[in-house]
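Visitor: So I've got this file, start-v1.cif, and it contains mmCIF, N, CA and C atoms and all ligand atoms:
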data_run
loop_
_atom_site.label_atom_id
_atom_site.label_comp_id
_atom_site.auth_asym_id
_atom_site.auth_seq_id
_atom_site.Cartn_x
_atom_site.Cartn_y
_atom_site.Cartn_z
N MET H 161 66.14 59.00 127.63
CA MET H 161 67.48 58.91 127.05
C MET H 161 67.69 60.03 126.02
N ALA H 162 66.78 60.04 125.01
CA ALA H 162 66.89 61.09 123.99
C ALA H 162 66.67 62.45 124.64
N ARG H 163 65.76 62.46 125.62
CA ARG H 163 65.43 63.71 126.28
C ARG H 163 66.63 64.26 127.06
N SER H 164 67.31 63.41 127.75
CA SER H 164 68.42 63.93 128.56
C SER H 164 69.59 64.37 127.68
N SER H 165 69.71 63.71 126.51
CA SER H 165 70.81 64.17 125.65
C SER H 165 70.48 65.51 125.01
N ALA H 166 69.16 65.73 124.76
CA ALA H 166 68.76 67.04 124.25
C ALA H 166 69.03 68.12 125.29
N LYS H 167 68.75 67.79 126.55
CA LYS H 167 69.02 68.74 127.64
C LYS H 167 70.50 69.07 127.71
N ALA H 168 71.30 68.04 127.56
CA ALA H 168 72.74 68.25 127.63
C ALA H 168 73.19 69.15 126.49
N THR H 169 72.59 68.95 125.31
CA THR H 169 72.95 69.78 124.16
C THR H 169 72.59 71.24 124.42
N ILE H 170 71.39 71.43 124.97
CA ILE H 170 70.97 72.81 125.25
C ILE H 170 71.89 73.45 126.29
N ALA H 171 72.22 72.69 127.30
CA ALA H 171 73.12 73.22 128.34
C ALA H 171 74.46 73.62 127.72
N ALA H 172 74.93 72.79 126.82
CA ALA H 172 76.22 73.09 126.18
C ALA H 172 76.11 74.36 125.34
N LEU H 173 75.01 74.49 124.61
CA LEU H 173 74.81 75.68 123.78
C LEU H 173 74.75 76.94 124.65
N LEU H 174 74.03 76.84 125.76
CA LEU H 174 73.92 78.00 126.65
C LEU H 174 75.29 78.39 127.19
N THR H 175 76.06 77.39 127.50
CA THR H 175 77.41 77.67 128.01
C THR H 175 78.20 78.44 126.96
N ILE H 176 78.09 77.99 125.72
CA ILE H 176 78.83 78.65 124.64
C ILE H 176 78.35 80.08 124.47
N ILE H 177 77.01 80.26 124.47
CA ILE H 177 76.45 81.60 124.28
C ILE H 177 76.87 82.52 125.42
N CYS H 178 76.79 82.02 126.65
CA CYS H 178 77.15 82.85 127.80
C CYS H 178 78.62 83.23 127.78
N PHE H 179 79.41 82.33 127.23
CA PHE H 179 80.84 82.57 127.20
C PHE H 179 81.18 83.69 126.22
N PHE H 180 80.47 83.70 125.07
CA PHE H 180 80.84 84.65 124.02
C PHE H 180 80.04 85.94 124.04
N LEU H 181 78.85 85.91 124.61
CA LEU H 181 77.98 87.06 124.51
C LEU H 181 78.54 88.34 125.14
N PRO H 182 79.08 88.30 126.35
CA PRO H 182 79.52 89.56 126.95
C PRO H 182 80.53 90.29 126.07
N GLY H 183 81.45 89.56 125.49
CA GLY H 183 82.43 90.18 124.61
C GLY H 183 81.77 90.79 123.39
N GLY H 184 80.79 90.08 122.84
CA GLY H 184 80.10 90.58 121.66
C GLY H 184 79.33 91.85 121.95
N LEU H 185 78.76 91.94 123.11
CA LEU H 185 77.94 93.11 123.44
C LEU H 185 78.77 94.35 123.67
N THR H 186 79.91 94.21 124.28
CA THR H 186 80.70 95.39 124.63
C THR H 186 81.74 95.71 123.56
N HIS H 187 81.82 94.88 122.52
CA HIS H 187 82.86 95.02 121.50
C HIS H 187 84.25 94.91 122.12
N HIS H 188 84.30 94.33 123.28
CA HIS H 188 85.61 94.12 123.89
C HIS H 188 86.27 92.93 123.20
N ARG H 189 87.55 93.02 122.99
CA ARG H 189 88.24 91.88 122.40
C ARG H 189 89.64 91.84 122.97
N SER H 190 90.22 90.67 122.93
CA SER H 190 91.59 90.61 123.38
C SER H 190 92.49 90.73 122.17
N PRO H 191 93.71 91.21 122.37
CA PRO H 191 94.62 91.42 121.24
C PRO H 191 94.93 90.10 120.52
N THR H 192 95.11 90.21 119.22
CA THR H 192 95.52 89.06 118.43
C THR H 192 97.04 89.09 118.31
N THR H 193 97.65 87.93 118.43
CA THR H 193 99.10 87.84 118.27
C THR H 193 99.41 87.24 116.90
N TYR H 194 100.28 87.89 116.17
CA TYR H 194 100.69 87.42 114.85
C TYR H 194 102.19 87.14 114.84
N ILE H 195 102.56 86.03 114.22
CA ILE H 195 103.98 85.78 113.94
C ILE H 195 104.25 86.37 112.56
N VAL H 196 105.06 87.40 112.50
CA VAL H 196 105.34 88.05 111.21
C VAL H 196 105.97 87.02 110.26
N GLY H 197 105.38 86.87 109.08
CA GLY H 197 105.88 85.92 108.09
C GLY H 197 105.50 84.48 108.36
N ASP H 198 104.66 84.27 109.38
CA ASP H 198 104.26 82.91 109.78
C ASP H 198 105.48 82.00 109.90
N GLU H 199 105.47 80.86 109.18
CA GLU H 199 106.55 79.88 109.37
C GLU H 199 107.91 80.37 108.86
N PHE H 200 107.88 81.40 108.00
CA PHE H 200 109.16 81.92 107.49
C PHE H 200 109.81 82.90 108.46
N GLY H 201 108.98 83.52 109.27
CA GLY H 201 109.49 84.53 110.19
C GLY H 201 109.84 85.82 109.47
N TRP H 202 110.63 86.61 110.17
CA TRP H 202 111.11 87.91 109.64
C TRP H 202 112.30 87.58 108.77
N ASP H 203 112.04 87.39 107.48
CA ASP H 203 113.02 86.77 106.60
C ASP H 203 112.74 87.21 105.17
N LEU H 204 113.75 87.09 104.32
CA LEU H 204 113.58 87.48 102.92
C LEU H 204 112.70 86.50 102.15
N SER H 205 112.38 85.34 102.74
CA SER H 205 111.57 84.34 102.02
C SER H 205 110.21 84.87 101.63
N ILE H 206 109.66 85.73 102.45
CA ILE H 206 108.36 86.29 102.12
C ILE H 206 108.39 87.79 102.44
N PRO H 207 108.08 88.64 101.43
CA PRO H 207 108.05 90.07 101.72
C PRO H 207 107.02 90.33 102.83
N ALA H 208 107.44 91.02 103.87
CA ALA H 208 106.56 91.20 105.03
C ALA H 208 105.27 91.93 104.66
N ASP H 209 105.36 92.87 103.73
CA ASP H 209 104.15 93.58 103.32
C ASP H 209 103.17 92.65 102.61
N THR H 210 103.69 91.66 101.89
CA THR H 210 102.82 90.67 101.25
C THR H 210 102.13 89.83 102.31
N TRP H 211 102.89 89.44 103.33
CA TRP H 211 102.32 88.67 104.44
C TRP H 211 101.18 89.44 105.11
N ALA H 212 101.33 90.75 105.23
CA ALA H 212 100.36 91.56 105.98
C ALA H 212 99.14 91.93 105.17
N ARG H 213 99.23 91.82 103.85
CA ARG H 213 98.23 92.42 102.96
C ARG H 213 96.80 91.97 103.25
N ASP H 214 96.59 90.69 103.51
CA ASP H 214 95.21 90.20 103.67
C ASP H 214 94.75 90.19 105.12
N LYS H 215 95.47 90.91 105.97
CA LYS H 215 95.11 90.91 107.39
C LYS H 215 94.66 92.29 107.83
N THR H 216 93.79 92.31 108.81
CA THR H 216 93.35 93.58 109.39
C THR H 216 93.92 93.66 110.80
N PHE H 217 94.63 94.72 111.07
CA PHE H 217 95.29 94.87 112.37
C PHE H 217 94.61 95.97 113.19
N TYR H 218 94.61 95.75 114.47
CA TYR H 218 94.02 96.73 115.39
C TYR H 218 95.08 97.15 116.40
N ALA H 219 94.96 98.38 116.87
CA ALA H 219 95.85 98.85 117.92
C ALA H 219 95.77 97.88 119.09
N GLY H 220 96.91 97.53 119.64
CA GLY H 220 96.95 96.57 120.75
C GLY H 220 97.30 95.17 120.30
N ASP H 221 97.10 94.87 118.99
CA ASP H 221 97.52 93.57 118.49
C ASP H 221 99.04 93.43 118.64
N ILE H 222 99.48 92.19 118.70
CA ILE H 222 100.89 91.93 118.99
C ILE H 222 101.56 91.26 117.80
N LEU H 223 102.70 91.79 117.42
CA LEU H 223 103.50 91.18 116.36
C LEU H 223 104.73 90.54 117.00
N VAL H 224 105.03 89.33 116.57
CA VAL H 224 106.25 88.67 117.02
C VAL H 224 107.17 88.56 115.81
N PHE H 225 108.35 89.13 115.94
CA PHE H 225 109.36 89.05 114.87
C PHE H 225 110.35 87.97 115.26
N ARG H 226 110.41 86.91 114.44
CA ARG H 226 111.33 85.81 114.70
C ARG H 226 112.39 85.77 113.61
N TYR H 227 113.65 85.71 114.01
CA TYR H 227 114.74 85.69 113.04
C TYR H 227 116.01 85.25 113.76
N ASP H 228 117.04 85.01 112.96
CA ASP H 228 118.34 84.66 113.52
C ASP H 228 119.03 85.95 113.97
N TYR H 229 119.15 86.13 115.27
CA TYR H 229 119.67 87.40 115.80
C TYR H 229 121.11 87.67 115.38
N GLN H 230 121.83 86.63 114.95
CA GLN H 230 123.21 86.85 114.51
C GLN H 230 123.26 87.39 113.09
N LEU H 231 122.16 87.27 112.38
CA LEU H 231 122.15 87.69 110.97
C LEU H 231 121.26 88.90 110.72
N GLU H 232 120.27 89.09 111.58
CA GLU H 232 119.26 90.09 111.24
C GLU H 232 118.92 90.94 112.46
N ASN H 233 118.16 91.97 112.21
CA ASN H 233 117.64 92.82 113.28
C ASN H 233 116.28 93.32 112.86
N MET H 234 115.69 94.14 113.69
CA MET H 234 114.41 94.74 113.34
C MET H 234 114.38 96.14 113.94
N LEU H 235 114.09 97.10 113.10
CA LEU H 235 114.02 98.48 113.58
C LEU H 235 112.59 98.99 113.48
N VAL H 236 112.18 99.66 114.53
CA VAL H 236 110.92 100.40 114.47
C VAL H 236 111.26 101.80 113.98
N VAL H 237 110.71 102.18 112.85
CA VAL H 237 111.04 103.46 112.23
C VAL H 237 109.76 104.25 111.98
N ASN H 238 109.91 105.43 111.39
CA ASN H 238 108.71 106.15 110.97
C ASN H 238 108.52 105.95 109.47
N GLN H 239 107.52 106.62 108.92
CA GLN H 239 107.18 106.37 107.52
C GLN H 239 108.34 106.68 106.58
N THR H 240 109.10 107.72 106.90
CA THR H 240 110.24 108.08 106.06
C THR H 240 111.28 106.96 106.08
N GLY H 241 111.56 106.43 107.26
CA GLY H 241 112.51 105.33 107.39
C GLY H 241 112.05 104.11 106.61
N TYR H 242 110.78 103.85 106.66
CA TYR H 242 110.21 102.72 105.93
C TYR H 242 110.36 102.92 104.42
N GLU H 243 110.02 104.11 103.96
CA GLU H 243 110.03 104.35 102.51
C GLU H 243 111.43 104.39 101.94
N THR H 244 112.38 104.93 102.71
CA THR H 244 113.74 105.09 102.18
C THR H 244 114.64 103.91 102.54
N CYS H 245 114.22 103.06 103.50
CA CYS H 245 115.06 102.00 104.02
C CYS H 245 116.29 102.56 104.74
N ILE H 246 116.21 103.80 105.14
CA ILE H 246 117.28 104.41 105.94
C ILE H 246 116.68 104.75 107.30
N PRO H 247 117.21 104.17 108.38
CA PRO H 247 116.63 104.42 109.70
C PRO H 247 116.56 105.92 109.99
N ASN H 248 115.40 106.39 110.36
CA ASN H 248 115.27 107.80 110.72
C ASN H 248 115.87 108.03 112.10
N GLU H 249 116.15 109.29 112.37
CA GLU H 249 116.63 109.65 113.70
C GLU H 249 115.57 109.20 114.72
N GLY H 250 116.03 108.58 115.79
CA GLY H 250 115.08 108.15 116.82
C GLY H 250 114.52 106.76 116.60
N TYR H 251 115.03 106.01 115.63
CA TYR H 251 114.56 104.64 115.42
C TYR H 251 114.88 103.80 116.66
N ILE H 252 114.14 102.71 116.82
CA ILE H 252 114.39 101.80 117.94
C ILE H 252 114.82 100.45 117.37
N GLU H 253 115.95 99.96 117.84
CA GLU H 253 116.46 98.69 117.31
C GLU H 253 116.13 97.54 118.25
N TYR H 254 115.72 96.44 117.65
CA TYR H 254 115.52 95.18 118.37
C TYR H 254 116.43 94.14 117.76
N ASP H 255 117.03 93.28 118.57
CA ASP H 255 117.95 92.29 118.00
C ASP H 255 118.01 91.01 118.82
N THR H 256 116.91 90.68 119.49
CA THR H 256 116.93 89.45 120.30
C THR H 256 116.63 88.21 119.47
N GLY H 257 116.03 88.40 118.29
CA GLY H 257 115.62 87.25 117.49
C GLY H 257 114.20 86.81 117.76
N GLU H 258 113.60 87.36 118.81
CA GLU H 258 112.20 87.05 119.14
C GLU H 258 111.65 88.30 119.81
N ASP H 259 111.30 89.27 118.99
CA ASP H 259 110.88 90.57 119.51
C ASP H 259 109.37 90.69 119.43
N THR H 260 108.80 91.14 120.51
CA THR H 260 107.35 91.28 120.60
C THR H 260 106.98 92.75 120.64
N ILE H 261 106.17 93.17 119.68
CA ILE H 261 105.81 94.57 119.55
C ILE H 261 104.30 94.70 119.58
N GLN H 262 103.81 95.64 120.36
CA GLN H 262 102.38 95.89 120.37
C GLN H 262 102.08 97.07 119.45
N LEU H 263 101.13 96.89 118.53
CA LEU H 263 100.83 97.92 117.56
C LEU H 263 100.18 99.13 118.21
N VAL H 264 100.58 100.30 117.76
CA VAL H 264 99.93 101.53 118.22
C VAL H 264 98.90 101.92 117.16
N TYR H 265 97.96 102.74 117.55
CA TYR H 265 96.93 103.20 116.63
C TYR H 265 97.57 103.99 115.50
N GLY H 266 97.21 103.67 114.26
CA GLY H 266 97.75 104.40 113.10
C GLY H 266 98.92 103.67 112.47
N GLY H 267 99.87 104.44 111.95
CA GLY H 267 100.98 103.86 111.20
C GLY H 267 102.02 103.20 112.09
N ASN H 268 102.38 101.99 111.73
CA ASN H 268 103.45 101.24 112.41
C ASN H 268 104.41 100.78 111.33
N TYR H 269 105.69 101.12 111.47
CA TYR H 269 106.65 100.83 110.41
C TYR H 269 107.85 100.09 110.97
N PHE H 270 108.24 99.04 110.24
CA PHE H 270 109.34 98.18 110.69
C PHE H 270 110.24 97.88 109.51
N ILE H 271 111.54 97.89 109.73
CA ILE H 271 112.47 97.50 108.68
C ILE H 271 113.60 96.65 109.26
N GLY H 272 114.18 95.83 108.43
CA GLY H 272 115.37 95.07 108.79
C GLY H 272 116.55 95.65 108.05
N THR H 273 117.66 95.84 108.74
CA THR H 273 118.79 96.53 108.10
C THR H 273 120.14 95.86 108.33
N ALA H 274 120.17 94.72 109.01
CA ALA H 274 121.46 94.16 109.40
C ALA H 274 122.35 93.90 108.20
N THR H 275 121.77 93.44 107.10
CA THR H 275 122.53 93.23 105.87
C THR H 275 122.03 94.24 104.85
N PRO H 276 122.95 94.96 104.19
CA PRO H 276 122.48 95.95 103.21
C PRO H 276 121.58 95.28 102.17
N GLY H 277 120.50 95.91 101.84
CA GLY H 277 119.60 95.36 100.84
C GLY H 277 118.44 94.57 101.41
N ASP H 278 118.52 94.15 102.67
CA ASP H 278 117.44 93.36 103.25
C ASP H 278 116.13 94.13 103.27
N CYS H 279 116.22 95.38 103.65
CA CYS H 279 115.00 96.19 103.72
C CYS H 279 114.38 96.31 102.34
N CYS H 280 115.21 96.70 101.36
CA CYS H 280 114.68 96.85 100.00
C CYS H 280 114.24 95.51 99.44
N GLY H 281 114.85 94.43 99.91
CA GLY H 281 114.51 93.09 99.43
C GLY H 281 113.20 92.56 99.99
N GLY H 282 112.61 93.26 100.92
CA GLY H 282 111.29 92.82 101.41
C GLY H 282 111.16 92.79 102.91
N MET H 283 112.26 93.05 103.63
CA MET H 283 112.14 93.06 105.10
C MET H 283 111.71 94.45 105.55
N LYS H 284 110.51 94.78 105.16
CA LYS H 284 109.92 96.04 105.57
C LYS H 284 108.43 95.83 105.70
N LEU H 285 107.87 96.48 106.68
CA LEU H 285 106.47 96.20 107.01
C LEU H 285 105.80 97.50 107.44
N ALA H 286 104.72 97.83 106.75
CA ALA H 286 103.92 99.00 107.12
C ALA H 286 102.53 98.51 107.50
N ILE H 287 102.08 98.89 108.67
CA ILE H 287 100.76 98.46 109.14
C ILE H 287 100.00 99.68 109.64
N ASN H 288 98.78 99.81 109.16
CA ASN H 288 97.90 100.85 109.68
C ASN H 288 96.95 100.18 110.67
N ALA H 289 97.18 100.39 111.95
CA ALA H 289 96.37 99.71 112.96
C ALA H 289 95.11 100.52 113.25
N LEU H 290 93.96 99.85 113.15
CA LEU H 290 92.67 100.51 113.37
C LEU H 290 92.40 100.60 114.87
N ALA H 291 91.44 101.43 115.22
CA ALA H 291 91.03 101.53 116.62
C ALA H 291 90.46 100.18 117.06
N PRO H 292 90.79 99.72 118.26
CA PRO H 292 90.40 98.37 118.69
C PRO H 292 88.90 98.15 118.72
N ASP H 293 88.11 99.16 119.01
CA ASP H 293 86.66 98.95 119.14
C ASP H 293 85.93 98.86 117.81
N ASN H 294 86.67 98.96 116.69
CA ASN H 294 86.04 98.74 115.39
C ASN H 294 85.77 97.28 115.11
N LYS H 295 86.45 96.43 115.87
CA LYS H 295 86.35 95.00 115.59
C LYS H 295 85.15 94.41 116.32
N ASP H 296 84.41 93.57 115.61
CA ASP H 296 83.25 92.92 116.26
C ASP H 296 83.71 91.71 117.02
C1 LIG H 301 110.88 110.61 110.55
O1 LIG H 301 111.85 111.05 111.48
C2 LIG H 301 112.80 111.97 110.92
C3 LIG H 301 113.84 112.27 111.98
O2 LIG H 301 113.24 112.61 113.19
C4 LIG H 301 112.06 113.22 110.44
O3 LIG H 301 112.98 114.11 109.84
C5 LIG H 301 110.99 112.83 109.44
O4 LIG H 301 110.23 113.96 109.06
C6 LIG H 301 110.06 111.80 110.04
N1 LIG H 301 109.10 111.36 109.04
C7 LIG H 301 107.79 111.32 109.27
C8 LIG H 301 106.94 110.85 108.14
O5 LIG H 301 107.29 111.67 110.33
#
Once you've parsed the file, please lay out its structure as structure tokens.
Guide:
Amino acid sequence: MARSSAKATIAALLTIICFFLPGGLTHHRSPTTYIVGDEFGWDLSIPADTWARDKTFYAGDILVFRYDYQLENMLVVNQTGYETCIPNEGYIEYDTGEDTIQLVYGGNYFIGTATPGDCCGGMKLAINALAPDNKD
């Protein structure tokens, strides 16, 4: 009785090890999906840069921007657009209310501009995405 339960435990452990080991050895990982602002979403309730501060992002990770599409938008801009809160030439606008963006390696910049002052009020997000194979 005790013996067979020990066997079952070992079998379970081996299953767990076999499941995780290949990924660990090759440093392969699947992208992490983040909801920007968590329960608040893309909103003035929480400055997006504050939300991002304690997280480490990798190229390929996915950000989901959730907001009321009738009130807000989300622009992918460059560093100048982020710093000035003025969309740079060539910005890309999203306005579905549930926008999914995959991070590129290096600087990723996002601002909200639908209402004047939103960007300066905290709807701005700068993320430096690391190379994916840096993650264990
Ligand atoms: C952002 O884009 C604008 C317009 O294309 C350009 O003038 C500016 O130099 C860019 N800023 C950066 C940091 O690349």
Visitor: One decimal, in Å: what's the spacing between atom C of Ile195 in chain H and atom N of Tyr227 in chain H?
Guide: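 Atom-to-atom, atom C of Ile195 in chain H and atom N of Tyr227 in chain H are spaced 9.5 Å apart.
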Visitor: Just give me the gap between CA of Asn288 in chain H and CA of Leu263 in chain H in Å, one decimal is fine.
Guide: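 Computed distance, CA of Asn288 in chain H to CA of Leu263 in chain H, equals 8.9 Å.
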Visitor: Produce as a PyMOL selection string the set of residues near ligand LIG 301 (chain H), where near means within 7 Å with only C-alpha atoms and all ligand atoms considered.
Guide: chain H and resi 238-241+248-250
Visitor: For N, CA and C atoms, I'd like the residues from the last selection saved as a CSV table (one decimal), keeping the file's coordinate frame.
Guide:
chain,number,residue,atom,x,y,z
H,238,ASN,N,109.9,105.4,111.4
H,238,ASN,CA,108.7,106.2,111.0
H,238,ASN,C,108.5,106.0,109.5
H,239,GLN,N,107.5,106.6,108.9
H,239,GLN,CA,107.2,106.4,107.5
H,239,GLN,C,108.3,106.7,106.6
H,240,THR,N,109.1,107.7,106.9
H,240,THR,CA,110.2,108.1,106.1
H,240,THR,C,111.3,107.0,106.1
H,241,GLY,N,111.6,106.4,107.3
H,241,GLY,CA,112.5,105.3,107.4
H,241,GLY,C,112.0,104.1,106.6
H,248,ASN,N,115.4,106.4,110.4
H,248,ASN,CA,115.3,107.8,110.7
H,248,ASN,C,115.9,108.0,112.1
H,249,GLU,N,116.2,109.3,112.4
H,249,GLU,CA,116.6,109.6,113.7
H,249,GLU,C,115.6,109.2,114.7
H,250,GLY,N,116.0,108.6,115.8
H,250,GLY,CA,115.1,108.2,116.8
H,250,GLY,C,114.5,106.8,116.6
Visitor: Excluding Ile287 in chain H and any residue of its chain fewer than 2 positions from it, enumerate the residues within 6.5 Å of it, using all atoms listed in the file, and give them as an MDAnalysis selection string.
Guide: chainID H and resid 266:270 285 289
Visitor: Centre and edge lengths, as lines of an AutoDock Vina configuration file, for the axis-aligned box enclosing every listed atom of range 258-263 of chain H with 3 Å of padding on each of the six sides, in Å to one decimal?
Guide:
center_x = 106.9
center_y = 93.1
center_z = 119.1
size_x = 19.4
size_y = 18.1
size_z = 9.1
Visitor: Select all residues near (108.2, 92.5, 103.8) (cut-off 6.5 Å, inclusive, file coordinates), counting all atoms listed in the file, and output them as an mmCIF file with N, CA and C atoms, in the coordinates of the input.
Guide:
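Output below, filename part14.cif:
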data_model
loop_
_atom_site.group_PDB
_atom_site.id
_atom_site.type_symbol
_atom_site.label_atom_id
_atom_site.label_comp_id
_atom_site.auth_asym_id
_atom_site.auth_seq_id
_atom_site.Cartn_x
_atom_site.Cartn_y
_atom_site.Cartn_z
ATOM 1 N N ILE H 206 109.660 85.730 102.450
ATOM 2 C CA ILE H 206 108.360 86.290 102.120
ATOM 3 C C ILE H 206 108.390 87.790 102.440
ATOM 4 N N PRO H 207 108.080 88.640 101.430
ATOM 5 C CA PRO H 207 108.050 90.070 101.720
ATOM 6 C C PRO H 207 107.020 90.330 102.830
ATOM 7 N N ALA H 208 107.440 91.020 103.870
ATOM 8 C CA ALA H 208 106.560 91.200 105.030
ATOM 9 C C ALA H 208 105.270 91.930 104.660
ATOM 10 N N ASP H 209 105.360 92.870 103.730
ATOM 11 C CA ASP H 209 104.150 93.580 103.320
ATOM 12 C C ASP H 209 103.170 92.650 102.610
ATOM 13 N N THR H 210 103.690 91.660 101.890
ATOM 14 C CA THR H 210 102.820 90.670 101.250
ATOM 15 C C THR H 210 102.130 89.830 102.310
ATOM 16 N N TRP H 211 102.890 89.440 103.330
ATOM 17 C CA TRP H 211 102.320 88.670 104.440
ATOM 18 C C TRP H 211 101.180 89.440 105.110
ATOM 19 N N GLY H 281 114.850 94.430 99.910
ATOM 20 C CA GLY H 281 114.510 93.090 99.430
ATOM 21 C C GLY H 281 113.200 92.560 99.990
ATOM 22 N N GLY H 282 112.610 93.260 100.920
ATOM 23 C CA GLY H 282 111.290 92.820 101.410
ATOM 24 C C GLY H 282 111.160 92.790 102.910
ATOM 25 N N MET H 283 112.260 93.050 103.630
ATOM 26 C CA MET H 283 112.140 93.060 105.100
ATOM 27 C C MET H 283 111.710 94.450 105.550
ATOM 28 N N LYS H 284 110.510 94.780 105.160
ATOM 29 C CA LYS H 284 109.920 96.040 105.570
ATOM 30 C C LYS H 284 108.430 95.830 105.700
ATOM 31 N N LEU H 285 107.870 96.480 106.680
ATOM 32 C CA LEU H 285 106.470 96.200 107.010
ATOM 33 C C LEU H 285 105.800 97.500 107.440
#
Visitor: So which residues touch Ala219 in chain H within 6 Å, counting only N, CA and C atoms, skipping near sequence neighbours fewer than 4 positions away, as a ChimeraX atom specification?
Guide: /H:263-265,289-292
Visitor: Could you find all residues in range 182-253 of chain H that DSSP calls alpha helix (DSSP H) from the backbone, and write them as a list in words?
Guide: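 Here is the list: Pro182, Gly183, Gly184, Leu185, Thr186, Ala208, Asp209, Thr210, Trp211, Ala212, Gln239, Thr240, Gly241, Tyr242, Glu243 and Thr244 of chain H.
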Visitor: Expressed in Å to a single decimal, how great is the separation between atom N of Arg213 in chain H and CA of Ile271 in chain H?
Guide: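 That distance, rounded to one decimal, is 15.2 Å.
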Visitor: Which of these, H:Glu253, H:Glu199, H:Asp214, H:Asp221, has the shortest distance to Asn233 in chain H once you count all atoms listed in the file?
Guide: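 Under the stated criterion, the closest residue is H:Glu253.
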Visitor: Pull the strand (DSSP E) assignments for range 219-294 of chain H out of DSSP run on the backbone, and list those residues as a CSV table (one decimal) with N, CA and C atoms, in the frame of the given file.
Guide:
chain,number,residue,atom,x,y,z
H,222,ILE,N,99.5,92.2,118.7
H,222,ILE,CA,100.9,91.9,119.0
H,222,ILE,C,101.6,91.3,117.8
H,223,LEU,N,102.7,91.8,117.4
H,223,LEU,CA,103.5,91.2,116.4
H,223,LEU,C,104.7,90.5,117.0
H,224,VAL,N,105.0,89.3,116.6
H,224,VAL,CA,106.2,88.7,117.0
H,224,VAL,C,107.2,88.6,115.8
H,225,PHE,N,108.4,89.1,115.9
H,225,PHE,CA,109.4,89.0,114.9
H,225,PHE,C,110.4,88.0,115.3
H,226,ARG,N,110.4,86.9,114.4
H,226,ARG,CA,111.3,85.8,114.7
H,226,ARG,C,112.4,85.8,113.6
H,234,MET,N,115.7,94.1,113.7
H,234,MET,CA,114.4,94.7,113.3
H,234,MET,C,114.4,96.1,113.9
H,235,LEU,N,114.1,97.1,113.1
H,235,LEU,CA,114.0,98.5,113.6
H,235,LEU,C,112.6,99.0,113.5
H,236,VAL,N,112.2,99.7,114.5
H,236,VAL,CA,110.9,100.4,114.5
H,236,VAL,C,111.3,101.8,114.0
H,237,VAL,N,110.7,102.2,112.8
H,237,VAL,CA,111.0,103.5,112.2
H,237,VAL,C,109.8,104.2,112.0
H,252,ILE,N,114.1,102.7,116.8
H,252,ILE,CA,114.4,101.8,117.9
H,252,ILE,C,114.8,100.4,117.4
H,253,GLU,N,116.0,100.0,117.8
H,253,GLU,CA,116.5,98.7,117.3
H,253,GLU,C,116.1,97.5,118.2
H,254,TYR,N,115.7,96.4,117.6
H,254,TYR,CA,115.5,95.2,118.4
H,254,TYR,C,116.4,94.1,117.8
H,258,GLU,N,113.6,87.4,118.8
H,258,GLU,CA,112.2,87.0,119.1
H,258,GLU,C,111.6,88.3,119.8
H,259,ASP,N,111.3,89.3,119.0
H,259,ASP,CA,110.9,90.6,119.5
H,259,ASP,C,109.4,90.7,119.4
H,260,THR,N,108.8,91.1,120.5
H,260,THR,CA,107.4,91.3,120.6
H,260,THR,C,107.0,92.8,120.6
H,261,ILE,N,106.2,93.2,119.7
H,261,ILE,CA,105.8,94.6,119.6
H,261,ILE,C,104.3,94.7,119.6
H,262,GLN,N,103.8,95.6,120.4
H,262,GLN,CA,102.4,95.9,120.4
H,262,GLN,C,102.1,97.1,119.4
H,266,GLY,N,97.2,103.7,114.3
H,266,GLY,CA,97.8,104.4,113.1
H,266,GLY,C,98.9,103.7,112.5
H,267,GLY,N,99.9,104.4,112.0
H,267,GLY,CA,101.0,103.9,111.2
H,267,GLY,C,102.0,103.2,112.1
H,268,ASN,N,102.4,102.0,111.7
H,268,ASN,CA,103.4,101.2,112.4
H,268,ASN,C,104.4,100.8,111.3
H,269,TYR,N,105.7,101.1,111.5
H,269,TYR,CA,106.6,100.8,110.4
H,269,TYR,C,107.8,100.1,111.0
H,270,PHE,N,108.2,99.0,110.2
H,270,PHE,CA,109.3,98.2,110.7
H,270,PHE,C,110.2,97.9,109.5
H,271,ILE,N,111.5,97.9,109.7
H,271,ILE,CA,112.5,97.5,108.7
H,271,ILE,C,113.6,96.6,109.3
H,284,LYS,N,110.5,94.8,105.2
H,284,LYS,CA,109.9,96.0,105.6
H,284,LYS,C,108.4,95.8,105.7
H,285,LEU,N,107.9,96.5,106.7
H,285,LEU,CA,106.5,96.2,107.0
H,285,LEU,C,105.8,97.5,107.4
H,286,ALA,N,104.7,97.8,106.8
H,286,ALA,CA,103.9,99.0,107.1
H,286,ALA,C,102.5,98.5,107.5
H,287,ILE,N,102.1,98.9,108.7
H,287,ILE,CA,100.8,98.5,109.1
H,287,ILE,C,100.0,99.7,109.6
H,288,ASN,N,98.8,99.8,109.2
H,288,ASN,CA,97.9,100.8,109.7
H,288,ASN,C,97.0,100.2,110.7
H,289,ALA,N,97.2,100.4,112.0
H,289,ALA,CA,96.4,99.7,113.0
H,289,ALA,C,95.1,100.5,113.2
Visitor: Which of these residues is nearest to Ser205 in chain H, using only C-alpha atoms: H:Asp278, H:Tyr254, H:Asp259, H:Pro247?
Guide: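 Among H:Asp278, H:Tyr254, H:Asp259, H:Pro247, it is H:Asp278 that comes nearest to Ser205 in chain H.
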Visitor: Near Tyr194 in chain H, counting only C-alpha atoms, which residues have an atom at most 12 Å away, once you skip same-chain residues fewer than 3 positions from it, shown as a list in words?
Guide: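 Using only C-alpha atoms, the neighbours found are Pro191, Gly197, Asp198, Glu199, Gly201, Trp202, Trp211, Ala212, Lys215, Thr216, Phe217, Tyr218, Gly220, Asp221, Ile222, Leu223, Val224, Phe225, Arg226, Asp259, Thr260, Ile261, Gln262 and Leu263 of chain H.
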Visitor: Can you tell me which residues surround Tyr229 in chain H at a distance of at most 10 Å, considering only C-alpha atoms, apart from same-chain residues fewer than 4 positions away, and format the answer as a list in words?
Guide: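 Skipping anything fewer than 4 positions along the chain leaves Asn233, Met234, Tyr254, Asp255, Thr256, Gly257, Glu258 and Ala274 of chain H.
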